[in-house]
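Heads up: the structure comes next, in structure tokens.
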Amino acid sequence: MEQTDLIWQVKKDALRRQITEGKRIDGRKFDEYRKIELIPNFVPNAEGSCLVKLGKTQVLAGVKMSVMEPYPDQQDSGVISTNAELGPLASPEFYAGPPDEDSIETARVVDRGLRESKMIDLEKLCITPKEKVWSVMIDLHILDHDGNLIDAASLAATKALLNAYIPKYEDEKVVLGTKDKKLPVKDKPVSSTFAKIAGRNVLDPILEETKIMDSRMTFVTMENGYLCAGQKGGTGPYTKKEMDEMFDVALVEGKKMRKLL
């Protein structure tokens, strides 16, 4: 075993032992988020945007509106899509090039939560049935990665959509820089992510906790208290009791998050 591997194994064992003793690396409670800061309208030329700081993790979400033909099976509904970019400036573990597993998963989980919550009234994005609808593109840029990208990206996307405007559409063209009306929003989905380490489940894992976790669970809750989406990562199992306990925490934290939104 190389020296670097040996050092990491010793550190990993120490961190896991700390968790079993009821302590976290940064001193937080097991069900406590790091400090959260939301900065809306961070990008002036976007239809909507928000920078989220979750501890040292930073994610910027931008919303871009365009006009397109509707999909054949949804001819009177608008379209929503989500993309995540994890660049080398956010972490030495990221590389320039095609999307990796982390960026694909982050985008998919955020996208699923937005879709399944019906946050956007897509029927109100129809311009001309069977001909023209609005497309809502959400771009997620990971600026600094210190764990829990999913929750930070979800918050950024939700807040960006909440303050987004639909531009004017005149003479078959989108008039850039204009504000015609607010994006039709109906709900505020919130995701809460837990990491299971040494048999304990901790909310909002930092990067070091992510590296030693056995599994990960994300719940996306709605204002009415329902679960609209979820995602499990890692190979470790969960009991029904653990799932129920984590979901209860997610409901409580979801209410707190919506006050920030």
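Residue names in the structure tokens use chain letters A, B, ... in the order shown, residue numbers from 1 in each chain, and ligand numbers from 1 in the order shown.
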
Go through region 54-126 of chain A and flag each residue having an atom no more than 9 Å from region 206-209 of chain A; for those, report the closest pair of atoms plus their distance in Å to one decimal, using only C-alpha atoms, ordered by chain and rising number, as a tab-separated table.
```
residue	atom	partner	partner_atom	distance
A:Gly55	CA	A:Ile206	CA	8.5
A:Lys56	CA	A:Ile206	CA	8.7
A:Thr57	CA	A:Ile206	CA	8.5
```

Please identify every residue of region 149-171 of chain A that has at least one atom no farther than 10 Å from an atom of region 29-48 of chain A, counting only C-alpha atoms, and for each give the shortest atom pair and the distance in Å to one decimal, arranged by chain then increasing number, as a Markdown table.
```
| residue | atom | partner | partner_atom | distance |
| --- | --- | --- | --- | --- |
| A:Ala152 | CA | A:Ile36 | CA | 8.9 |
| A:Leu155 | CA | A:Leu38 | CA | 8.3 |
| A:Ala156 | CA | A:Leu38 | CA | 7.6 |
| A:Ala157 | CA | A:Gly48 | CA | 9.2 |
| A:Lys159 | CA | A:Pro40 | CA | 7.0 |
| A:Ala160 | CA | A:Gly48 | CA | 4.9 |
| A:Leu161 | CA | A:Gly48 | CA | 6.1 |
| A:Leu162 | CA | A:Gly48 | CA | 7.8 |
| A:Asn163 | CA | A:Gly48 | CA | 5.7 |
| A:Ala164 | CA | A:Gly48 | CA | 3.9 |
| A:Tyr165 | CA | A:Glu47 | CA | 5.5 |
| A:Ile166 | CA | A:Glu47 | CA | 6.9 |
| A:Pro167 | CA | A:Glu47 | CA | 7.5 |
```

Same residues, N, CA and C atoms, saved as a PDB file, in the first residue's frame:
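As a result, out-v5.pdb now contains:
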```
ATOM      1  N   ALA A 152     -27.686  21.745  -3.102  1.00  0.00           N
ATOM      2  CA  ALA A 152     -27.293  23.098  -3.500  1.00  0.00           C
ATOM      3  C   ALA A 152     -27.825  23.415  -4.899  1.00  0.00           C
ATOM      4  N   LEU A 155     -31.711  23.863  -4.820  1.00  0.00           N
ATOM      5  CA  LEU A 155     -32.080  25.178  -4.295  1.00  0.00           C
ATOM      6  C   LEU A 155     -31.839  26.277  -5.324  1.00  0.00           C
ATOM      7  N   ALA A 156     -30.687  26.208  -5.992  1.00  0.00           N
ATOM      8  CA  ALA A 156     -30.345  27.223  -6.986  1.00  0.00           C
ATOM      9  C   ALA A 156     -31.343  27.208  -8.144  1.00  0.00           C
ATOM     10  N   ALA A 157     -31.688  26.008  -8.615  1.00  0.00           N
ATOM     11  CA  ALA A 157     -32.626  25.892  -9.734  1.00  0.00           C
ATOM     12  C   ALA A 157     -34.010  26.398  -9.347  1.00  0.00           C
ATOM     13  N   LYS A 159     -34.912  28.527  -6.924  1.00  0.00           N
ATOM     14  CA  LYS A 159     -34.939  29.984  -6.736  1.00  0.00           C
ATOM     15  C   LYS A 159     -34.813  30.714  -8.070  1.00  0.00           C
ATOM     16  N   ALA A 160     -33.992  30.201  -8.976  1.00  0.00           N
ATOM     17  CA  ALA A 160     -33.852  30.834 -10.287  1.00  0.00           C
ATOM     18  C   ALA A 160     -35.174  30.812 -11.044  1.00  0.00           C
ATOM     19  N   LEU A 161     -35.915  29.705 -10.938  1.00  0.00           N
ATOM     20  CA  LEU A 161     -37.217  29.608 -11.603  1.00  0.00           C
ATOM     21  C   LEU A 161     -38.247  30.522 -10.948  1.00  0.00           C
ATOM     22  N   LEU A 162     -38.162  30.672  -9.631  1.00  0.00           N
ATOM     23  CA  LEU A 162     -39.115  31.523  -8.920  1.00  0.00           C
ATOM     24  C   LEU A 162     -38.991  32.993  -9.326  1.00  0.00           C
ATOM     25  N   ASN A 163     -37.768  33.423  -9.688  1.00  0.00           N
ATOM     26  CA  ASN A 163     -37.616  34.832 -10.071  1.00  0.00           C
ATOM     27  C   ASN A 163     -37.452  35.007 -11.583  1.00  0.00           C
ATOM     28  N   ALA A 164     -37.758  33.948 -12.343  1.00  0.00           N
ATOM     29  CA  ALA A 164     -37.591  34.015 -13.799  1.00  0.00           C
ATOM     30  C   ALA A 164     -38.771  34.702 -14.486  1.00  0.00           C
ATOM     31  N   TYR A 165     -38.459  35.368 -15.596  1.00  0.00           N
ATOM     32  CA  TYR A 165     -39.471  36.023 -16.435  1.00  0.00           C
ATOM     33  C   TYR A 165     -39.466  35.419 -17.832  1.00  0.00           C
ATOM     34  N   ILE A 166     -40.638  35.408 -18.447  1.00  0.00           N
ATOM     35  CA  ILE A 166     -40.748  35.021 -19.851  1.00  0.00           C
ATOM     36  C   ILE A 166     -40.567  36.287 -20.685  1.00  0.00           C
ATOM     37  N   PRO A 167     -39.633  36.291 -21.631  1.00  0.00           N
ATOM     38  CA  PRO A 167     -39.437  37.499 -22.454  1.00  0.00           C
ATOM     39  C   PRO A 167     -40.578  37.686 -23.465  1.00  0.00           C
TER      40      PRO A 167
END
```

Original post:
Which of these residues is nearest to Leu143 (chain A), using only C-alpha atoms: A:Lys118, A:Arg112, A:Arg216, A:Lys53?
Top reply: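 Looking only at the distances to Leu143 (chain A), the closest residue turns out to be A:Lys53.
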
Could you give me, as a tab-separated table (two decimals) with N, CA and C atoms, in the first residue's frame, the residues within 12 Å of Ser135 (chain A), counting only C-alpha atoms and dropping anything in the same chain fewer than 3 positions from it?
```tsv
chain	number	residue	atom	x	y	z
A	47	GLU	N	-32.80	34.93	-17.95
A	47	GLU	CA	-34.22	35.13	-17.64
A	47	GLU	C	-34.50	34.92	-16.15
A	63	VAL	N	-31.44	30.43	-15.93
A	63	VAL	CA	-32.60	30.00	-16.71
A	63	VAL	C	-32.60	30.73	-18.05
A	64	LYS	N	-32.74	29.98	-19.11
A	64	LYS	CA	-32.79	30.54	-20.46
A	64	LYS	C	-34.07	30.09	-21.14
A	65	MET	N	-34.82	31.05	-21.71
A	65	MET	CA	-36.08	30.76	-22.39
A	65	MET	C	-35.89	30.84	-23.90
A	66	SER	N	-36.48	29.90	-24.61
A	66	SER	CA	-36.45	29.92	-26.07
A	66	SER	C	-37.75	29.33	-26.59
A	67	VAL	N	-38.00	29.47	-27.88
A	67	VAL	CA	-39.23	28.97	-28.50
A	67	VAL	C	-38.89	27.78	-29.39
A	68	MET	N	-39.71	26.73	-29.31
A	68	MET	CA	-39.47	25.52	-30.09
A	68	MET	C	-40.80	24.85	-30.44
A	69	GLU	N	-40.73	23.84	-31.29
A	69	GLU	CA	-41.90	23.03	-31.57
A	69	GLU	C	-42.15	22.09	-30.40
A	70	PRO	N	-43.41	21.85	-30.04
A	70	PRO	CA	-43.68	20.94	-28.91
A	70	PRO	C	-43.37	19.49	-29.28
A	71	TYR	N	-43.20	18.67	-28.27
A	71	TYR	CA	-43.00	17.25	-28.51
A	71	TYR	C	-44.30	16.63	-29.02
A	77	SER	N	-47.96	21.73	-24.45
A	77	SER	CA	-47.20	21.96	-23.21
A	77	SER	C	-45.78	22.41	-23.53
A	78	GLY	N	-45.27	23.26	-22.66
A	78	GLY	CA	-43.89	23.70	-22.79
A	78	GLY	C	-42.92	22.60	-22.42
A	79	VAL	N	-41.64	22.91	-22.50
A	79	VAL	CA	-40.59	21.92	-22.29
A	79	VAL	C	-39.63	22.44	-21.22
A	80	ILE	N	-39.16	21.54	-20.37
A	80	ILE	CA	-38.17	21.89	-19.37
A	80	ILE	C	-37.00	20.91	-19.44
A	81	SER	N	-35.78	21.41	-19.33
A	81	SER	CA	-34.60	20.55	-19.35
A	81	SER	C	-33.54	21.13	-18.42
A	82	THR	N	-32.71	20.24	-17.87
A	82	THR	CA	-31.71	20.63	-16.88
A	82	THR	C	-30.35	20.06	-17.26
A	120	ILE	N	-43.63	23.93	-12.47
A	120	ILE	CA	-43.97	24.85	-13.55
A	120	ILE	C	-45.23	24.37	-14.24
A	122	LEU	N	-46.65	23.79	-17.24
A	122	LEU	CA	-46.14	23.71	-18.60
A	122	LEU	C	-47.21	24.04	-19.65
A	123	GLU	N	-48.48	23.83	-19.34
A	123	GLU	CA	-49.53	24.15	-20.30
A	123	GLU	C	-49.62	25.65	-20.56
A	124	LYS	N	-49.23	26.44	-19.56
A	124	LYS	CA	-49.25	27.90	-19.73
A	124	LYS	C	-48.06	28.40	-20.54
A	125	LEU	N	-47.16	27.48	-20.91
A	125	LEU	CA	-46.02	27.85	-21.74
A	125	LEU	C	-46.28	27.58	-23.21
A	126	CYS	N	-47.52	27.23	-23.52
A	126	CYS	CA	-47.90	26.99	-24.92
A	126	CYS	C	-48.21	28.32	-25.60
A	127	ILE	N	-47.57	28.58	-26.72
A	127	ILE	CA	-47.81	29.81	-27.49
A	127	ILE	C	-48.88	29.54	-28.54
A	132	LYS	N	-45.89	26.07	-31.48
A	132	LYS	CA	-44.84	26.78	-30.74
A	132	LYS	C	-45.10	26.75	-29.24
A	138	ILE	N	-32.47	25.00	-17.82
A	138	ILE	CA	-31.82	25.33	-16.56
A	138	ILE	C	-30.38	24.83	-16.62
A	166	ILE	N	-40.64	35.41	-18.45
A	166	ILE	CA	-40.75	35.02	-19.85
A	166	ILE	C	-40.57	36.29	-20.69
A	167	PRO	N	-39.63	36.29	-21.63
A	167	PRO	CA	-39.44	37.50	-22.45
A	167	PRO	C	-40.58	37.69	-23.46
A	174	VAL	N	-37.93	36.09	-30.27
A	174	VAL	CA	-37.82	36.37	-28.84
A	174	VAL	C	-37.07	37.69	-28.68
A	183	LEU	N	-42.71	33.55	-14.89
A	183	LEU	CA	-42.84	32.14	-15.20
A	183	LEU	C	-43.94	31.54	-14.32
```

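Atom pair CA of Leu227 (chain A) / CA of Pro72 (chain A): separated by 29.0 Å.
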
**OP:** Using only C-alpha atoms, find the one residue out of A:Val202, A:Val133, A:Ala250, A:Cys50 that sits nearest to Gly27 (chain A).
**Re:** A:Val202

Original post:
Quick one, how far is CA of Lys186 (chain A) from CA of Glu116 (chain A)?
Top reply: 11.9 Å

Subject >> Test item: residues at most 6 Å from Asp139 (chain A), only C-alpha atoms, excluding those fewer than 4 positions along its chain, as an NGL selection string >> reply: :A and (61-62 or 83-84)
